[in-house]
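Remarks on the structure that follows.
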Amino acid sequence: MSNIISDSVSKLSAITDQTPIDWDAFDYVLKGLEDINAYDEHYEETILSEFIMDGEFYKRGFILADVVRHFLACGYDVSANDGLNGGLVLHSLCWSSYDHYVLEAAKVLMNAGAPVKYKTSGDDPNEEPECLLGSISWKLSGAWMVDKDYAWANTLEAYYAMTEANIAGKDYNAIYNYFACIGKPLTAVSAINVDGKPALYDEGAVSVYSEPLILWFENKPLVVSCYTDFVVNPVYADDKKNDLADVTTAFSSLIGTTLKEVQYIGTAICYFEFSNGKRLFFAGRDIGDGKRVGTFDILADSKK
């Protein structure tokens, strides 16, 4: 790492370690830099990407978006160095914080023009680079299977959906993780129509869905995949609007009640607890030939 980058990161970290943060002092450091867009070709880092990686943001993600805004206001250019100034920062967010604030910071960067597709020196010049989607995918497997940090895994799922929407030229700003639904009432549920009928059927005591469900918490469509992950994704809901079937009656005992908590029991098993004391359990399972389905059940007795 170049001395310019390491010295700047050290000074900025000392300021953000304090409570409250002296943002005037933070800006003073940034404005005093000879080149805020300095780029280290050897380590492929910029001042902002390195600061996010090494700024000790674990459980302090609430400052991430403000950090990005202050850098942009002081002249940080996300398009500099062939887009690496923006792309490397989007990449670094995957390692910066285990909470949902990374999504807000990423939106600030994307709205400023940070590219989700970029090429680093490690990419094969003859192949399409994986870019941000590759970085998120790599972290996702560890979050789900190794760390078993399911809240963070769902945040990364939302980050992945944001990136896909960005690539497709669609509005990623309304994509969130499931935290955005906490405290909101369930108003309706939709299933995907397959061959003219909802991909939803009963199997003994539980119900099975072979395509994602959409739980509507007011105007927020929470997409529930067969892998038991959850993303508030209006882009997906809009893409499927002509294929949606109303299955609200299957969830009638929960309609109008408020989501209080989402709690994982295992990688593919979790429950939603509602204000009326009932719990909506989700589980995913493989059915062979590379296919997977999700199941759900509503229980009134939390001890059951």
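Order determines the names: the first chain of the structure tokens is A, the second B, and so forth; residues in each chain are numbered 1 upward, and ligands are numbered 1 upward as they are shown.
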
When you look at stretch 99-103 of chain A with a cut-off of 7 Å (counting only C-alpha atoms), what residues show up, excluding the ones that are within fewer than 6 positions of it in the same chain? I need them as a VMD selection string. chain A and resid 59 61 to 62 64 93 152 155 159

Would you output that residue set with C-alpha atoms, as a PDB file, in the first residue's frame?
```pdb
ATOM      1  CA  LYS A  59     -20.893  -3.357  13.918  1.00  0.00           C
ATOM      2  CA  GLY A  61     -21.807   0.282   9.665  1.00  0.00           C
ATOM      3  CA  PHE A  62     -24.089   3.197  10.459  1.00  0.00           C
ATOM      4  CA  LEU A  64     -20.501   3.904   6.115  1.00  0.00           C
ATOM      5  CA  LEU A  93     -18.122  -3.204   1.172  1.00  0.00           C
ATOM      6  CA  TRP A 152     -25.448 -10.930   6.991  1.00  0.00           C
ATOM      7  CA  THR A 155     -27.912  -8.639   3.395  1.00  0.00           C
ATOM      8  CA  TYR A 159     -26.639  -6.645  -2.391  1.00  0.00           C
TER       9      TYR A 159
END
```

Got a sec to tell me which of stretch 39-166 of chain A DSSP assigns to helix (DSSP H, G or I), as a ChimeraX atom specification? /A:47-54,61-73,84-95,101-111,131-146,150-166

Based on the selection just made, write C-alpha atoms of those residues as an mmCIF file, in the first residue's frame.
```
data_model
loop_
_atom_site.group_PDB
_atom_site.id
_atom_site.type_symbol
_atom_site.label_atom_id
_atom_site.label_comp_id
_atom_site.auth_asym_id
_atom_site.auth_seq_id
_atom_site.Cartn_x
_atom_site.Cartn_y
_atom_site.Cartn_z
ATOM 1 C CA ILE A 47 -7.887 5.706 -0.250
ATOM 2 C CA LEU A 48 -11.611 5.035 0.122
ATOM 3 C CA SER A 49 -11.510 1.310 -0.681
ATOM 4 C CA GLU A 50 -8.657 0.784 1.780
ATOM 5 C CA PHE A 51 -10.347 2.914 4.434
ATOM 6 C CA ILE A 52 -13.507 0.821 4.190
ATOM 7 C CA MET A 53 -11.495 -2.399 4.352
ATOM 8 C CA ASP A 54 -9.371 -1.342 7.340
ATOM 9 C CA GLY A 61 -21.807 0.282 9.665
ATOM 10 C CA PHE A 62 -24.089 3.197 10.459
ATOM 11 C CA ILE A 63 -21.263 5.566 9.457
ATOM 12 C CA LEU A 64 -20.501 3.904 6.115
ATOM 13 C CA ALA A 65 -22.881 5.924 3.939
ATOM 14 C CA ASP A 66 -21.770 9.182 5.562
ATOM 15 C CA VAL A 67 -18.135 8.283 4.960
ATOM 16 C CA VAL A 68 -18.890 7.748 1.268
ATOM 17 C CA ARG A 69 -20.868 10.999 1.023
ATOM 18 C CA HIS A 70 -18.013 12.991 2.558
ATOM 19 C CA PHE A 71 -15.498 11.464 0.149
ATOM 20 C CA LEU A 72 -17.711 12.311 -2.834
ATOM 21 C CA ALA A 73 -18.284 15.854 -1.582
ATOM 22 C CA LEU A 84 -11.710 1.081 -10.328
ATOM 23 C CA ASN A 85 -12.164 3.979 -7.890
ATOM 24 C CA GLY A 86 -15.850 3.068 -7.681
ATOM 25 C CA GLY A 87 -15.666 -0.659 -8.375
ATOM 26 C CA LEU A 88 -13.039 -1.375 -5.721
ATOM 27 C CA VAL A 89 -15.089 0.427 -3.075
ATOM 28 C CA LEU A 90 -18.217 -1.571 -3.969
ATOM 29 C CA HIS A 91 -16.045 -4.681 -3.674
ATOM 30 C CA SER A 92 -14.621 -3.609 -0.304
ATOM 31 C CA LEU A 93 -18.122 -3.204 1.172
ATOM 32 C CA CYS A 94 -18.433 -7.003 1.140
ATOM 33 C CA TRP A 95 -15.737 -7.099 3.849
ATOM 34 C CA TYR A 101 -25.777 -0.397 6.234
ATOM 35 C CA VAL A 102 -23.576 -1.631 3.404
ATOM 36 C CA LEU A 103 -26.654 -1.464 1.165
ATOM 37 C CA GLU A 104 -27.128 2.247 1.809
ATOM 38 C CA ALA A 105 -23.444 2.942 1.174
ATOM 39 C CA ALA A 106 -23.545 0.902 -2.039
ATOM 40 C CA LYS A 107 -26.576 2.837 -3.267
ATOM 41 C CA VAL A 108 -24.794 6.147 -2.653
ATOM 42 C CA LEU A 109 -21.866 4.876 -4.741
ATOM 43 C CA MET A 110 -24.006 3.403 -7.521
ATOM 44 C CA ASN A 111 -26.076 6.581 -7.721
ATOM 45 C CA CYS A 131 -16.682 -8.108 -10.994
ATOM 46 C CA LEU A 132 -18.974 -7.232 -8.070
ATOM 47 C CA LEU A 133 -21.282 -10.230 -8.544
ATOM 48 C CA GLY A 134 -18.253 -12.500 -8.135
ATOM 49 C CA SER A 135 -17.161 -10.760 -4.934
ATOM 50 C CA ILE A 136 -20.628 -11.030 -3.395
ATOM 51 C CA SER A 137 -20.993 -14.676 -4.438
ATOM 52 C CA TRP A 138 -17.696 -15.573 -2.807
ATOM 53 C CA LYS A 139 -18.746 -13.963 0.473
ATOM 54 C CA LEU A 140 -22.251 -15.448 0.332
ATOM 55 C CA SER A 141 -21.125 -19.063 0.564
ATOM 56 C CA GLY A 142 -19.046 -18.293 3.640
ATOM 57 C CA ALA A 143 -21.835 -16.321 5.316
ATOM 58 C CA TRP A 144 -24.368 -19.109 4.851
ATOM 59 C CA MET A 145 -22.289 -22.224 5.400
ATOM 60 C CA VAL A 146 -19.178 -21.269 7.404
ATOM 61 C CA TYR A 150 -27.832 -15.506 8.404
ATOM 62 C CA ALA A 151 -28.671 -11.824 8.820
ATOM 63 C CA TRP A 152 -25.448 -10.930 6.991
ATOM 64 C CA ALA A 153 -26.122 -13.610 4.362
ATOM 65 C CA ASN A 154 -29.527 -12.076 3.644
ATOM 66 C CA THR A 155 -27.912 -8.639 3.395
ATOM 67 C CA LEU A 156 -25.512 -10.022 0.798
ATOM 68 C CA GLU A 157 -28.477 -11.556 -1.057
ATOM 69 C CA ALA A 158 -29.985 -8.072 -1.227
ATOM 70 C CA TYR A 159 -26.639 -6.645 -2.391
ATOM 71 C CA TYR A 160 -26.542 -9.274 -5.147
ATOM 72 C CA ALA A 161 -30.097 -8.378 -6.218
ATOM 73 C CA MET A 162 -29.141 -4.680 -6.269
ATOM 74 C CA THR A 163 -26.177 -5.431 -8.515
ATOM 75 C CA GLU A 164 -28.270 -7.515 -10.903
ATOM 76 C CA ALA A 165 -30.824 -4.697 -11.120
ATOM 77 C CA ASN A 166 -28.033 -2.185 -11.768
#
```

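Look at A:Pro198: the protein and nucleic acid residues within 7 Å of it, using only C-alpha atoms and passing over chain neighbours fewer than 6 places away, are Ala191, Ile192 and Ala245 of chain A.
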
Would you mind exporting the chosen residues as a PDB file, in the first residue's frame, restricted to N, CA and C atoms?
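To be explicit, this is the file written out as result20.pdb:
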```pdb
ATOM      1  N   ALA A 191     -48.138 -15.697  -5.193  1.00  0.00           N
ATOM      2  CA  ALA A 191     -47.345 -16.823  -5.673  1.00  0.00           C
ATOM      3  C   ALA A 191     -47.170 -16.666  -7.177  1.00  0.00           C
ATOM      4  N   ILE A 192     -46.203 -17.379  -7.744  1.00  0.00           N
ATOM      5  CA  ILE A 192     -45.951 -17.328  -9.181  1.00  0.00           C
ATOM      6  C   ILE A 192     -46.828 -18.359  -9.882  1.00  0.00           C
ATOM      7  N   ALA A 245     -50.209 -14.711  -8.736  1.00  0.00           N
ATOM      8  CA  ALA A 245     -51.521 -15.173  -8.280  1.00  0.00           C
ATOM      9  C   ALA A 245     -51.692 -14.785  -6.823  1.00  0.00           C
TER      10      ALA A 245
END
```

What's around A:Ile182 at 9 Å? Count only C-alpha atoms, leave out sequence neighbours fewer than 4 positions away in its own chain, and write the answer as a compact mmCIF listing (two decimals) with N, CA and C atoms, in the first residue's frame.
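Okay, this is what ended up in around.txt:
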```txt
# COMPACT_ATOMS: atom_id res chain seq x y z
N TYR A 178 -34.47 -8.07 4.67
CA TYR A 178 -35.76 -8.25 5.34
C TYR A 178 -35.96 -7.31 6.53
N PHE A 217 -45.50 -6.59 2.71
CA PHE A 217 -45.58 -5.85 3.97
C PHE A 217 -45.82 -4.39 3.58
N THR A 258 -48.45 -7.58 12.57
CA THR A 258 -47.14 -6.96 12.34
C THR A 258 -46.01 -7.96 12.51
N LEU A 259 -45.02 -7.89 11.61
CA LEU A 259 -43.84 -8.74 11.73
C LEU A 259 -42.95 -8.22 12.85
N LYS A 260 -42.67 -9.07 13.82
CA LYS A 260 -41.87 -8.68 14.97
C LYS A 260 -40.42 -9.15 14.86
N GLU A 261 -40.21 -10.34 14.30
CA GLU A 261 -38.87 -10.93 14.34
C GLU A 261 -38.72 -11.96 13.24
N VAL A 262 -37.50 -12.09 12.72
CA VAL A 262 -37.13 -13.18 11.83
C VAL A 262 -36.00 -13.93 12.51
```

Residue nearest A:Ala80 among A:Cys270, A:Leu30, A:Ile36, A:Ala283 (counting only C-alpha atoms):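 Closest candidate: A:Ile36.
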
Contacts of A:Glu273 at 12 Å (only C-alpha atoms; same-chain gap of 2+ positions) as a ChimeraX atom specification: /A:181-186,254,257-264,270-271,275-282,298-302

I'd like the interatomic distance between atom CA of A:Ala205 and atom CA of A:Leu244, to a tenth of an Å.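 Atom-to-atom, atom CA of A:Ala205 to atom CA of A:Leu244, that is 24.4 Å.
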
Across A:Thr187, A:Asn219, A:Thr267, A:Ser207, the smallest distance to A:Thr248, with only C-alpha atoms counted, is shown by A:Thr187

Of the candidates A:Asn37, A:Thr249, A:Asn242, A:Ser6, which shows the shortest atom-to-atom distance to A:Tyr76, using only C-alpha atoms? A:Asn37

Between atom CA of A:Ser225 and atom CA of A:Val293, what distance in Å does the model show, to one decimal? 8.6 Å
